[in-house]
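Visitor: Contents of run_3.cif (mmCIF, C-alpha atoms) are given next:
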data_entry
loop_
_atom_site.group_PDB
_atom_site.id
_atom_site.type_symbol
_atom_site.label_atom_id
_atom_site.label_comp_id
_atom_site.auth_asym_id
_atom_site.auth_seq_id
_atom_site.Cartn_x
_atom_site.Cartn_y
_atom_site.Cartn_z
ATOM 1 C CA MET N 1 -63.993 -41.330 -1.779
ATOM 2 C CA ASN N 2 -66.276 -42.493 -4.558
ATOM 3 C CA SER N 3 -65.585 -45.498 -6.765
ATOM 4 C CA THR N 4 -63.593 -43.498 -9.314
ATOM 5 C CA GLU N 5 -61.142 -42.004 -6.863
ATOM 6 C CA LYS N 6 -57.925 -43.340 -5.412
ATOM 7 C CA LYS N 7 -56.369 -42.552 -2.084
ATOM 8 C CA ILE N 8 -53.314 -40.388 -2.663
ATOM 9 C CA LEU N 9 -50.447 -39.686 -0.307
ATOM 10 C CA MET N 10 -47.750 -37.760 -2.175
ATOM 11 C CA SER N 11 -44.164 -37.581 -1.037
ATOM 12 C CA ARG N 12 -42.554 -34.196 -0.482
ATOM 13 C CA ASP N 13 -40.459 -34.792 -3.609
ATOM 14 C CA LEU N 14 -43.581 -34.255 -5.705
ATOM 15 C CA HIS N 15 -43.747 -30.609 -4.696
ATOM 16 C CA ASN N 16 -40.961 -29.519 -7.000
ATOM 17 C CA ASN N 17 -43.177 -29.412 -10.082
ATOM 18 C CA GLY N 18 -41.601 -26.250 -11.410
ATOM 19 C CA LEU N 19 -38.181 -27.908 -11.410
ATOM 20 C CA TYR N 20 -39.261 -31.310 -12.663
ATOM 21 C CA ALA N 21 -41.484 -30.068 -15.475
ATOM 22 C CA GLU N 22 -38.431 -29.468 -17.659
ATOM 23 C CA MET N 23 -36.413 -32.546 -16.586
ATOM 24 C CA GLN N 24 -36.578 -36.291 -16.917
ATOM 25 C CA VAL N 25 -38.354 -37.754 -13.913
ATOM 26 C CA TYR N 26 -37.813 -41.348 -12.738
ATOM 27 C CA ARG N 27 -40.205 -43.360 -10.613
ATOM 28 C CA ALA N 28 -39.473 -46.238 -8.240
ATOM 29 C CA ARG N 29 -42.647 -48.283 -7.791
ATOM 30 C CA MET N 30 -43.180 -51.282 -5.496
ATOM 31 C CA SER N 31 -46.363 -53.335 -5.221
ATOM 32 C CA VAL N 32 -47.404 -54.008 -1.622
ATOM 33 C CA SER N 33 -50.307 -55.417 0.342
ATOM 34 C CA PRO N 34 -52.859 -52.687 1.227
ATOM 35 C CA ALA N 35 -52.979 -54.130 4.753
ATOM 36 C CA ASN N 36 -49.264 -53.350 5.217
ATOM 37 C CA LEU N 37 -49.275 -49.983 3.452
ATOM 38 C CA ASP N 38 -49.375 -47.671 6.459
ATOM 39 C CA ALA N 39 -46.772 -49.612 8.435
ATOM 40 C CA LEU N 40 -44.413 -49.582 5.457
ATOM 41 C CA LEU N 41 -44.862 -45.860 4.804
ATOM 42 C CA ASP N 42 -44.271 -45.108 8.466
ATOM 43 C CA ALA N 43 -41.044 -47.129 8.448
ATOM 44 C CA MET N 44 -39.878 -45.420 5.251
ATOM 45 C CA TYR N 45 -40.391 -41.922 6.588
ATOM 46 C CA VAL N 46 -36.745 -41.880 7.735
ATOM 47 C CA MET N 47 -35.506 -42.174 4.139
ATOM 48 C CA ASP N 48 -33.830 -39.178 2.514
ATOM 49 C CA ASN N 49 -36.502 -39.364 -0.208
ATOM 50 C CA PRO N 50 -39.607 -40.585 1.660
ATOM 51 C CA PRO N 51 -42.019 -42.310 -0.726
ATOM 52 C CA GLY N 52 -45.735 -41.822 -1.158
ATOM 53 C CA SER N 53 -48.449 -44.296 -2.084
ATOM 54 C CA TRP N 54 -51.339 -45.059 -4.395
ATOM 55 C CA GLU N 55 -54.157 -47.415 -3.526
ATOM 56 C CA ASP N 56 -56.733 -48.493 -6.112
ATOM 57 C CA VAL N 57 -59.948 -48.977 -4.206
ATOM 58 C CA GLU N 58 -61.531 -50.744 -7.196
ATOM 59 C CA THR N 59 -58.903 -53.459 -7.690
ATOM 60 C CA GLY N 60 -57.472 -53.603 -4.162
ATOM 61 C CA GLU N 61 -53.935 -53.037 -5.477
ATOM 62 C CA ALA N 62 -51.484 -50.723 -3.688
ATOM 63 C CA TRP N 63 -48.080 -49.301 -4.585
ATOM 64 C CA ILE N 64 -45.382 -47.365 -2.831
ATOM 65 C CA GLU N 65 -43.677 -44.827 -5.081
ATOM 66 C CA ALA N 66 -40.784 -42.380 -4.976
ATOM 67 C CA PHE N 67 -39.637 -39.916 -7.639
ATOM 68 C CA GLY N 68 -36.465 -38.102 -8.593
ATOM 69 C CA ILE N 69 -34.444 -36.671 -11.446
ATOM 70 C CA SER N 70 -31.292 -38.731 -10.850
ATOM 71 C CA LEU N 71 -31.547 -42.313 -12.122
ATOM 72 C CA LYS N 72 -28.750 -43.432 -9.793
ATOM 73 C CA GLU N 73 -30.472 -41.913 -6.743
ATOM 74 C CA VAL N 74 -33.886 -43.338 -7.649
ATOM 75 C CA GLU N 75 -32.346 -46.794 -8.100
ATOM 76 C CA ALA N 76 -30.778 -46.472 -4.639
ATOM 77 C CA THR N 77 -34.163 -45.400 -3.264
ATOM 78 C CA ALA N 78 -35.783 -48.454 -4.880
ATOM 79 C CA ARG N 79 -33.308 -50.769 -3.171
ATOM 80 C CA GLU N 80 -33.852 -49.074 0.180
ATOM 81 C CA MET N 81 -37.633 -49.314 -0.184
ATOM 82 C CA ALA N 82 -37.376 -53.050 -0.834
ATOM 83 C CA GLU N 83 -35.009 -53.624 2.097
ATOM 84 C CA ILE N 84 -37.193 -51.723 4.554
ATOM 85 C CA ALA N 85 -40.354 -53.465 3.329
ATOM 86 C CA GLU N 86 -38.790 -56.904 3.805
ATOM 87 C CA SER N 87 -37.645 -55.960 7.302
ATOM 88 C CA ILE N 88 -41.239 -55.070 8.195
ATOM 89 C CA ASP N 89 -43.268 -57.897 6.655
ATOM 90 C CA GLY N 90 -40.605 -60.555 6.038
ATOM 91 C CA ILE N 91 -41.546 -60.814 2.346
ATOM 92 C CA PRO N 92 -38.985 -60.279 -0.452
ATOM 93 C CA HIS N 93 -39.796 -57.115 -2.412
ATOM 94 C CA ALA N 94 -38.543 -55.473 -5.583
ATOM 95 C CA ALA N 95 -39.179 -51.923 -6.755
ATOM 96 C CA ASP N 96 -39.156 -51.211 -10.486
ATOM 97 C CA VAL N 97 -37.551 -48.011 -11.771
ATOM 98 C CA GLU N 98 -38.787 -46.361 -14.955
ATOM 99 C CA PRO N 99 -38.636 -42.956 -16.656
ATOM 100 C CA LEU N 100 -41.882 -41.002 -16.838
ATOM 101 C CA ALA N 101 -43.055 -39.103 -19.876
ATOM 102 C CA LYS N 102 -43.611 -35.425 -19.177
ATOM 103 C CA GLU N 103 -47.346 -35.663 -19.831
ATOM 104 C CA ASP N 104 -47.616 -38.598 -17.411
ATOM 105 C CA TRP N 105 -45.887 -36.597 -14.686
ATOM 106 C CA THR N 106 -47.748 -33.333 -14.988
ATOM 107 C CA GLU N 107 -51.242 -34.333 -16.099
ATOM 108 C CA SER N 108 -52.281 -37.951 -15.571
ATOM 109 C CA TRP N 109 -52.825 -37.652 -11.791
ATOM 110 C CA LYS N 110 -55.494 -34.987 -12.362
ATOM 111 C CA ARG N 111 -58.066 -37.590 -13.360
ATOM 112 C CA PHE N 112 -58.323 -38.564 -9.689
ATOM 113 C CA PHE N 113 -59.100 -35.038 -8.428
ATOM 114 C CA HIS N 114 -62.749 -33.976 -8.747
ATOM 115 C CA VAL N 115 -65.193 -31.606 -7.037
ATOM 116 C CA LEU N 116 -65.268 -32.640 -3.392
ATOM 117 C CA HIS N 117 -67.873 -31.693 -0.755
ATOM 118 C CA ILE N 118 -65.936 -31.611 2.506
ATOM 119 C CA THR N 119 -68.563 -30.159 4.885
ATOM 120 C CA ASN N 120 -72.105 -28.871 4.633
ATOM 121 C CA ARG N 121 -70.606 -25.481 3.731
ATOM 122 C CA ILE N 122 -67.274 -26.100 2.023
ATOM 123 C CA THR N 123 -66.551 -27.593 -1.395
ATOM 124 C CA VAL N 124 -63.178 -27.923 -3.116
ATOM 125 C CA ARG N 125 -63.143 -27.533 -6.897
ATOM 126 C CA PRO N 126 -60.182 -28.259 -9.196
ATOM 127 C CA ILE N 127 -59.926 -25.340 -11.589
ATOM 128 C CA TRP N 128 -60.370 -27.571 -14.634
ATOM 129 C CA GLU N 129 -63.870 -28.701 -13.598
ATOM 130 C CA ASP N 130 -67.102 -26.707 -13.902
ATOM 131 C CA TYR N 131 -69.308 -26.401 -10.835
ATOM 132 C CA SER N 132 -72.358 -24.338 -9.858
ATOM 133 C CA PRO N 133 -72.410 -23.774 -6.076
ATOM 134 C CA ALA N 134 -75.559 -23.649 -3.990
ATOM 135 C CA LYS N 135 -76.540 -20.437 -2.239
ATOM 136 C CA GLY N 136 -74.209 -19.773 0.672
ATOM 137 C CA GLU N 137 -71.814 -22.562 -0.284
ATOM 138 C CA ILE N 138 -68.083 -21.827 0.108
ATOM 139 C CA VAL N 139 -66.099 -23.010 -2.914
ATOM 140 C CA ILE N 140 -62.306 -23.267 -2.811
ATOM 141 C CA ASP N 141 -60.735 -23.334 -6.267
ATOM 142 C CA ILE N 142 -57.482 -25.303 -6.299
ATOM 143 C CA GLU N 143 -54.677 -25.897 -8.776
ATOM 144 C CA PRO N 144 -52.399 -28.062 -6.635
ATOM 145 C CA GLY N 145 -49.308 -27.648 -8.792
ATOM 146 C CA MET N 146 -48.301 -31.092 -7.435
ATOM 147 C CA SER N 147 -48.245 -29.703 -3.894
ATOM 148 C CA PHE N 148 -49.762 -31.793 -1.155
ATOM 149 C CA GLY N 149 -53.176 -30.401 -0.257
ATOM 150 C CA THR N 150 -55.801 -31.023 -2.927
ATOM 151 C CA GLY N 151 -58.422 -31.728 -0.283
ATOM 152 C CA LEU N 152 -58.584 -35.415 -1.212
ATOM 153 C CA HIS N 153 -56.636 -36.595 1.787
ATOM 154 C CA GLN N 154 -58.453 -37.308 5.030
ATOM 155 C CA THR N 155 -56.069 -35.175 7.066
ATOM 156 C CA THR N 156 -56.811 -32.091 4.955
ATOM 157 C CA GLN N 157 -60.545 -32.673 5.243
ATOM 158 C CA SER N 158 -60.353 -33.043 9.025
ATOM 159 C CA CYS N 159 -58.440 -29.760 9.342
ATOM 160 C CA ILE N 160 -61.087 -27.975 7.292
ATOM 161 C CA LYS N 161 -63.812 -29.426 9.526
ATOM 162 C CA PHE N 162 -62.020 -28.113 12.618
ATOM 163 C CA LEU N 163 -61.561 -24.687 11.013
ATOM 164 C CA GLN N 164 -65.285 -24.534 10.283
ATOM 165 C CA GLN N 165 -66.035 -25.523 13.888
ATOM 166 C CA LEU N 166 -63.781 -22.732 15.144
ATOM 167 C CA ALA N 167 -65.299 -20.214 12.733
ATOM 168 C CA ASP N 168 -68.813 -21.142 13.839
ATOM 169 C CA GLU N 169 -67.803 -20.130 17.377
ATOM 170 C CA GLY N 170 -67.216 -16.560 16.181
ATOM 171 C CA ASN N 171 -64.289 -14.358 17.200
ATOM 172 C CA LEU N 172 -63.084 -14.227 13.607
ATOM 173 C CA GLU N 173 -60.415 -11.679 14.508
ATOM 174 C CA ARG N 174 -58.285 -14.529 15.841
ATOM 175 C CA SER N 175 -55.114 -14.975 13.808
ATOM 176 C CA VAL N 176 -54.593 -18.283 11.973
ATOM 177 C CA ILE N 177 -51.325 -19.865 10.823
ATOM 178 C CA ASP N 178 -51.200 -22.810 8.430
ATOM 179 C CA MET N 179 -47.819 -24.484 9.008
ATOM 180 C CA GLY N 180 -46.872 -26.750 6.114
ATOM 181 C CA CYS N 181 -49.311 -25.029 3.772
ATOM 182 C CA GLY N 182 -48.731 -27.226 0.687
ATOM 183 C CA SER N 183 -51.247 -25.895 -1.844
ATOM 184 C CA GLY N 184 -52.563 -23.232 0.574
ATOM 185 C CA ILE N 185 -55.945 -24.915 0.867
ATOM 186 C CA LEU N 186 -56.254 -24.629 4.659
ATOM 187 C CA ALA N 187 -55.288 -20.959 4.765
ATOM 188 C CA ILE N 188 -57.729 -20.264 1.943
ATOM 189 C CA ALA N 189 -60.463 -22.177 3.796
ATOM 190 C CA ALA N 190 -59.790 -20.124 6.931
ATOM 191 C CA ARG N 191 -60.110 -16.852 5.030
ATOM 192 C CA LYS N 192 -63.277 -17.940 3.244
ATOM 193 C CA LEU N 193 -64.757 -18.996 6.588
ATOM 194 C CA GLY N 194 -64.288 -15.406 7.750
ATOM 195 C CA PHE N 195 -60.989 -15.307 9.631
ATOM 196 C CA THR N 196 -59.379 -11.990 8.750
ATOM 197 C CA ASN N 197 -55.750 -12.560 9.784
ATOM 198 C CA VAL N 198 -54.426 -15.684 8.058
ATOM 199 C CA SER N 199 -50.939 -16.660 6.890
ATOM 200 C CA GLY N 200 -49.157 -19.798 5.748
ATOM 201 C CA TYR N 201 -45.677 -21.321 5.835
ATOM 202 C CA ASP N 202 -43.917 -24.158 4.055
ATOM 203 C CA TYR N 203 -40.269 -25.202 3.857
ATOM 204 C CA ASP N 204 -40.702 -25.853 0.105
ATOM 205 C CA PRO N 205 -40.520 -22.677 -2.033
ATOM 206 C CA SER N 206 -42.604 -24.283 -4.793
ATOM 207 C CA ALA N 207 -45.392 -24.922 -2.265
ATOM 208 C CA VAL N 208 -45.245 -21.265 -1.216
ATOM 209 C CA LYS N 209 -45.503 -20.223 -4.876
ATOM 210 C CA THR N 210 -48.446 -22.566 -5.470
ATOM 211 C CA SER N 211 -50.208 -21.283 -2.329
ATOM 212 C CA ILE N 212 -49.874 -17.670 -3.450
ATOM 213 C CA GLU N 213 -51.245 -18.573 -6.882
ATOM 214 C CA ASN N 214 -54.192 -20.460 -5.385
ATOM 215 C CA ALA N 215 -55.022 -17.564 -3.070
ATOM 216 C CA THR N 216 -55.029 -15.227 -6.079
ATOM 217 C CA THR N 217 -57.273 -17.658 -7.985
ATOM 218 C CA ASN N 218 -59.730 -17.413 -5.094
ATOM 219 C CA GLY N 219 -59.560 -13.597 -5.088
ATOM 220 C CA LEU N 220 -57.581 -13.469 -1.852
ATOM 221 C CA LYS N 221 -54.323 -11.923 -0.704
ATOM 222 C CA ILE N 222 -52.813 -14.213 1.903
ATOM 223 C CA PRO N 223 -49.169 -13.900 2.986
ATOM 224 C CA PHE N 224 -47.289 -17.160 2.451
ATOM 225 C CA HIS N 225 -43.655 -17.542 3.469
ATOM 226 C CA GLU N 226 -40.897 -20.118 3.566
ATOM 227 C CA GLY N 227 -40.723 -21.600 7.045
ATOM 228 C CA ASP N 228 -39.817 -24.911 8.639
ATOM 229 C CA ALA N 229 -41.935 -26.521 11.358
ATOM 230 C CA LEU N 230 -38.702 -27.746 12.950
ATOM 231 C CA ALA N 231 -37.332 -24.235 13.425
ATOM 232 C CA PRO N 232 -36.588 -23.507 17.101
ATOM 233 C CA VAL N 233 -38.888 -20.471 17.077
ATOM 234 C CA LEU N 234 -42.100 -20.431 15.052
ATOM 235 C CA PRO N 235 -44.396 -17.519 14.146
ATOM 236 C CA SER N 236 -47.189 -17.133 16.680
ATOM 237 C CA SER N 237 -50.951 -17.052 16.233
ATOM 238 C CA ASP N 238 -54.205 -17.605 18.102
ATOM 239 C CA ILE N 239 -55.074 -20.651 15.974
ATOM 240 C CA PHE N 240 -52.175 -22.810 14.803
ATOM 241 C CA VAL N 241 -52.814 -25.538 12.215
ATOM 242 C CA ALA N 242 -50.117 -28.146 11.555
ATOM 243 C CA ASN N 243 -51.049 -30.823 9.021
ATOM 244 C CA ILE N 244 -47.639 -32.411 8.753
ATOM 245 C CA LEU N 245 -46.577 -35.898 9.949
ATOM 246 C CA ALA N 246 -46.453 -37.422 13.420
ATOM 247 C CA PRO N 247 -42.640 -37.649 13.728
ATOM 248 C CA ILE N 248 -42.307 -33.941 12.950
ATOM 249 C CA LEU N 249 -45.163 -33.040 15.291
ATOM 250 C CA LEU N 250 -43.459 -34.953 18.078
ATOM 251 C CA GLN N 251 -40.107 -33.302 17.511
ATOM 252 C CA ALA N 252 -41.598 -29.827 17.164
ATOM 253 C CA ALA N 253 -44.051 -30.057 20.085
ATOM 254 C CA PRO N 254 -42.336 -27.469 22.335
ATOM 255 C CA SER N 255 -41.973 -24.823 19.628
ATOM 256 C CA ILE N 256 -45.454 -25.414 18.190
ATOM 257 C CA CYS N 257 -47.065 -25.064 21.627
ATOM 258 C CA GLU N 258 -45.039 -21.936 22.334
ATOM 259 C CA ALA N 259 -46.352 -20.477 19.060
ATOM 260 C CA VAL N 260 -50.005 -20.685 20.200
ATOM 261 C CA ARG N 261 -50.786 -17.395 21.914
ATOM 262 C CA PRO N 262 -52.363 -17.789 25.372
ATOM 263 C CA HIS N 263 -55.442 -15.785 24.447
ATOM 264 C CA LYS N 264 -59.084 -16.646 24.954
ATOM 265 C CA GLY N 265 -60.270 -18.674 21.965
ATOM 266 C CA HIS N 266 -56.821 -20.055 21.136
ATOM 267 C CA ALA N 267 -56.636 -23.468 19.445
ATOM 268 C CA LEU N 268 -54.154 -25.962 18.044
ATOM 269 C CA VAL N 269 -55.080 -28.300 15.178
ATOM 270 C CA LEU N 270 -52.767 -31.277 14.669
ATOM 271 C CA SER N 271 -53.086 -33.622 11.709
ATOM 272 C CA GLY N 272 -51.112 -35.964 9.475
ATOM 273 C CA ILE N 273 -51.212 -38.587 12.249
ATOM 274 C CA LEU N 274 -51.909 -42.284 11.834
ATOM 275 C CA ASP N 275 -54.324 -43.549 14.465
ATOM 276 C CA ASN N 276 -51.682 -45.808 16.016
ATOM 277 C CA GLN N 277 -49.393 -42.760 16.422
ATOM 278 C CA TYR N 278 -52.018 -40.480 17.919
ATOM 279 C CA ALA N 279 -51.589 -41.483 21.570
ATOM 280 C CA ASP N 280 -47.919 -40.522 21.453
ATOM 281 C CA VAL N 281 -48.687 -37.165 19.852
ATOM 282 C CA LYS N 282 -51.467 -36.480 22.350
ATOM 283 C CA ALA N 283 -49.147 -37.286 25.252
ATOM 284 C CA ALA N 284 -46.369 -35.073 23.880
ATOM 285 C CA TYR N 285 -48.691 -32.084 23.666
ATOM 286 C CA ALA N 286 -50.257 -32.821 27.054
ATOM 287 C CA ALA N 287 -46.734 -32.527 28.461
ATOM 288 C CA GLN N 288 -46.667 -29.007 26.992
ATOM 289 C CA GLY N 289 -49.957 -28.059 28.675
ATOM 290 C CA PHE N 290 -52.459 -28.825 25.893
ATOM 291 C CA ILE N 291 -55.458 -31.134 26.196
ATOM 292 C CA GLU N 292 -57.532 -32.722 23.475
ATOM 293 C CA ARG N 293 -60.820 -30.942 22.919
ATOM 294 C CA ASN N 294 -61.985 -33.100 20.027
ATOM 295 C CA SER N 295 -60.629 -35.583 17.514
ATOM 296 C CA ILE N 296 -61.682 -36.920 14.116
ATOM 297 C CA LEU N 297 -60.851 -40.412 12.879
ATOM 298 C CA ASP N 298 -61.106 -40.764 9.093
ATOM 299 C CA GLY N 299 -59.859 -44.096 7.813
ATOM 300 C CA GLU N 300 -56.510 -44.747 9.481
ATOM 301 C CA TRP N 301 -55.840 -41.037 10.102
ATOM 302 C CA ARG N 302 -56.736 -39.206 13.322
ATOM 303 C CA SER N 303 -56.629 -35.424 13.726
ATOM 304 C CA GLY N 304 -57.028 -33.477 16.950
ATOM 305 C CA LEU N 305 -58.169 -30.089 18.207
ATOM 306 C CA PHE N 306 -56.278 -28.999 21.340
ATOM 307 C CA THR N 307 -56.426 -26.127 23.836
ATOM 308 C CA ARG N 308 -54.862 -25.142 27.138
ATOM 309 C CA PRO N 309 -57.258 -26.132 29.954
ATOM 310 C CA THR N 310 -56.750 -22.925 31.905
ATOM 311 C CA LEU N 311 -58.043 -20.594 29.183
#
Could you render the structure from this file as C-alpha cells?

Guide:
Amino acid sequence: MNSTEKKILMSRDLHNNGLYAEMQVYRARMSVSPANLDALLDAMYVMDNPPGSWEDVETGEAWIEAFGISLKEVEATAREMAEIAESIDGIPHAADVEPLAKEDWTESWKRFFHVLHITNRITVRPIWEDYSPAKGEIVIDIEPGMSFGTGLHQTTQSCIKFLQQLADEGNLERSVIDMGCGSGILAIAARKLGFTNVSGYDYDPSAVKTSIENATTNGLKIPFHEGDALAPVLPSSDIFVANILAPILLQAAPSICEAVRPHKGHALVLSGILDNQYADVKAAYAAQGFIERNSILDGEWRSGLFTRPTL
C-alpha cells in the first residue's frame, strides 16, 4: 500500500449494502494496538457478528469495528468485543457505538480504493477513477458494492498472482471455481487471463448480485450462484480457489479437496490465512492428499497453491 491507503479487512456484515442503504446503520468501534490486531480478530471470529478492522498506516492507529442495523445488537457486540479483547491482552477495553450517516456508510470508504497494479499484467481499477492502460495490460473494473474483494487485501492479490501463474502454464480449458466470490474479482481475473470456464459462489446473495454486476461492467458473462463453502458437497472444477478464512478452510477441507477434479493440471488455491494459522491448514490438506506447490507471504497473510502429488 502507498502512504494514502489503509489496510482494510471488512466483516461479512458489510456485504449487505443493498439492505443497509435504506436503514440506519450503527457502528461499534474499539481502538486497539496494531501489534495485537490479528490476534484479536482471530479470537473474535467466533462471534455471531465477526468484526473487521481499519489500520491507519500514517498514524499507527488501529480499530476493530462491527456494524448492524439493530442498536441493541450492536451494543451487545461492542460489549463482547471488549470482553474478548481483554481476555487476549489483559487490558481493559471499551467499544463506542454510534449511528452512521448514510453518506458515511456508502461513500466515505471509497477514498481508500485507488487504481492498483497487482502483477506485471493485471491492474484493478475502481469504476470512479480514470485510467489509461498500457498495451497488453489486463484491467479489472470493480464496483465493490461493499463486498469483500476490492483487490486491496493481500489475500486477494495473492490469489490473482496464483491465477496468473496457472494461466501462464496454458491449458486454459481448465474449469475454475471462485468459492466465496465477494465482488467477483477473482473470477473476473480468471476470465481475463484466458480461462474459458469460470464460475463463482458466495453464501451472501448481495455478493452474488455485486459479482454479476462487476462481470457485466467488464463485458463478461460469468455464472455466479449462492453457495456455502461449508456445504457437504461442493461444485467441482479443475482449479478451485477459496479465499475465505482459516477456520472455514479447516472445517471444509474434505469437501473442498473432493471438489478438485483429479485431472492433469488441477490446482487448489487457499487464502485468507494468517501466517500463524498456515501450518494447520497445510497439514489438514496434506491429510486429504494435497501438497503445497508454492506459497506467498504478504504481510501477516500467507496463501498457498496445492496439488495432488500423483498427478

Visitor: What separation in Å, quoted to one decimal, exists between CA of Glu258 (chain N) and CA of Leu230 (chain N)?

Guide: 12.7 Å

Visitor: If you apply the PyMOL selection byres ((chain N and resi 260-266) around 10) to this file, what residues do you get, as a PyMOL selection string?

Guide: chain N and resi 166+169-172+174-177+234-241+255-259+267-268+306-308+310-311

Visitor: Neighbouring residues of Ile91 (chain N) were defined as those with any atom within 10 Å, considering only C-alpha atoms; residues of the same chain fewer than 5 positions away were excluded. Please report them as a list in words.

Guide: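 Surrounding residues, per the criterion: Val32, Ala82, Glu83, Ala85 and Glu86 of chain N.
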
Visitor: Report as CSV: every residue of region 218-265 of chain N with an atom at most 9 Å from region 199-210 of chain N, its closest pair of atoms, and their distance in Å to one decimal, counting all atoms listed in the file, with rows sorted by chain and ascending residue number.

Guide:
residue,atom,partner,partner_atom,distance
N:Ile222,CA,N:Ser199,CA,5.9
N:Pro223,CA,N:Ser199,CA,5.1
N:Phe224,CA,N:Gly200,CA,4.6
N:His225,CA,N:Tyr201,CA,4.9
N:Glu226,CA,N:Asp202,CA,5.1
N:Gly227,CA,N:Tyr203,CA,4.8
N:Asp228,CA,N:Tyr203,CA,4.8
N:Ala229,CA,N:Tyr203,CA,7.8

Visitor: Output C-alpha atoms for every residue in the selection just made, as a CSV table (one decimal), in the frame of the given file.

Guide:
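Output contents, as saved in out32.csv:
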chain,number,residue,atom,x,y,z
N,222,ILE,CA,-52.8,-14.2,1.9
N,223,PRO,CA,-49.2,-13.9,3.0
N,224,PHE,CA,-47.3,-17.2,2.5
N,225,HIS,CA,-43.7,-17.5,3.5
N,226,GLU,CA,-40.9,-20.1,3.6
N,227,GLY,CA,-40.7,-21.6,7.0
N,228,ASP,CA,-39.8,-24.9,8.6
N,229,ALA,CA,-41.9,-26.5,11.4

Visitor: Could you list, as JSON, numbers by chain, every residue matched by the PyMOL selection byres ((chain N and resi 133) around 12) in this structure?

Guide: {"N": [115, 116, 117, 120, 121, 122, 123, 124, 125, 130, 131, 132, 134, 135, 136, 137, 138, 139, 140, 141]}

Visitor: Name the residues captured by the PyMOL selection byres ((chain N and resi 192) around 10) when it is applied to the shown file; answer as a list in words.

Guide: Ile122, Ile138, Val139, Ile140, Gln164, Ala167, Leu186, Ala187, Ile188, Ala189, Ala190, Arg191, Leu193, Gly194, Phe195, Thr196, Asn218 and Leu220 of chain N

Visitor: Now that the selection is made, can you save its residues with C-alpha atoms as a PDB file, in the coordinates of the input?

Guide:
ATOM      1  CA  ILE N 122     -67.274 -26.100   2.023  1.00  0.00           C
ATOM      2  CA  ILE N 138     -68.083 -21.827   0.108  1.00  0.00           C
ATOM      3  CA  VAL N 139     -66.099 -23.010  -2.914  1.00  0.00           C
ATOM      4  CA  ILE N 140     -62.306 -23.267  -2.811  1.00  0.00           C
ATOM      5  CA  GLN N 164     -65.285 -24.534  10.283  1.00  0.00           C
ATOM      6  CA  ALA N 167     -65.299 -20.214  12.733  1.00  0.00           C
ATOM      7  CA  LEU N 186     -56.254 -24.629   4.659  1.00  0.00           C
ATOM      8  CA  ALA N 187     -55.288 -20.959   4.765  1.00  0.00           C
ATOM      9  CA  ILE N 188     -57.729 -20.264   1.943  1.00  0.00           C
ATOM     10  CA  ALA N 189     -60.463 -22.177   3.796  1.00  0.00           C
ATOM     11  CA  ALA N 190     -59.790 -20.124   6.931  1.00  0.00           C
ATOM     12  CA  ARG N 191     -60.110 -16.852   5.030  1.00  0.00           C
ATOM     13  CA  LEU N 193     -64.757 -18.996   6.588  1.00  0.00           C
ATOM     14  CA  GLY N 194     -64.288 -15.406   7.750  1.00  0.00           C
ATOM     15  CA  PHE N 195     -60.989 -15.307   9.631  1.00  0.00           C
ATOM     16  CA  THR N 196     -59.379 -11.990   8.750  1.00  0.00           C
ATOM     17  CA  ASN N 218     -59.730 -17.413  -5.094  1.00  0.00           C
ATOM     18  CA  LEU N 220     -57.581 -13.469  -1.852  1.00  0.00           C
TER      19      LEU N 220
END

Visitor: Return as AutoDock Vina command-line options the centre and edge lengths, in Å with one decimal, of the box along x, y and z that encloses every atom of region 128-140 of chain N in the file, padded by 3 Å per side.

Guide:
--center_x -68.5 --center_y -24.2 --center_z -7.0 --size_x 22.2 --size_y 14.9 --size_z 21.3

Visitor: List as a list in words the protein and nucleic acid residues near Glu300 (chain N), meaning an atom at most 9 Å away when only C-alpha atoms are counted, but skip any in the same chain fewer than 4 places from it.

Guide: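 Once the adjacent positions are removed, what remains is Asp38, Gln154, Ile273, Leu274, Asp275 and Asn276 of chain N.
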
Visitor: Nearest residue to Asp56 (chain N) out of N:Ser33, N:Ala101, N:Thr156, N:Val233, using all atoms listed in the file?

Guide: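 Closest candidate: N:Ser33.
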
Visitor: What does the distance between CA of Lys221 (chain N) and CA of Glu143 (chain N) come to in Å, to one decimal place?

Guide: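 Calculated distance between CA of Lys221 (chain N) and CA of Glu143 (chain N) is 16.1 Å.
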
Visitor: Using only C-alpha atoms, which of the listed residues (N:Leu71, N:Ile84, N:Val198, N:Ala279) sits closest to Ala39 (chain N)?

Guide: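 Counting only C-alpha atoms, the residue closest to Ala39 (chain N) is N:Ile84.
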
Visitor: Do you know which residues are at most 8 Å from Pro99 (chain N) counting all atoms listed in the file, after dropping those on the same chain fewer than 6 positions away, and could you put them as an MDAnalysis selection string?

Guide: chainID N and resid 24:27

Visitor: Residues at most 10 Å from Asn243 (chain N), counting only C-alpha atoms, excluding those fewer than 6 positions away in the same chain, as number ranges by chain?

Guide: N: 149, 155-156, 158-159, 178-182, 186, 249, 269-273, 303

Visitor: What does the structure give for the distance between CA of Ser31 (chain N) and CA of Ala94 (chain N), in Å to one decimal?

Guide: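 For CA of Ser31 (chain N) relative to CA of Ala94 (chain N), the distance reads 8.1 Å.
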
Visitor: What's the 9 Å shell around Pro247 (chain N), counting only C-alpha atoms, without same-chain residues fewer than 5 positions away, as a ChimeraX atom specification?

Guide: /N:45,252,273,277,281

Visitor: Which residue, N:Asn214, N:Ser53, N:Gln165, N:Asn294, has the smallest gap to Gly184 (chain N) when you use all atoms listed in the file?

Guide: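 That would be N:Asn214, the residue with the smallest distance to Gly184 (chain N).
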
Visitor: Counting only C-alpha atoms, which of N:Pro309, N:Ile88, N:Asn36, N:Ala28 gets nearest to Ser70 (chain N)?

Guide: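 Nearest to Ser70 (chain N): N:Ala28.
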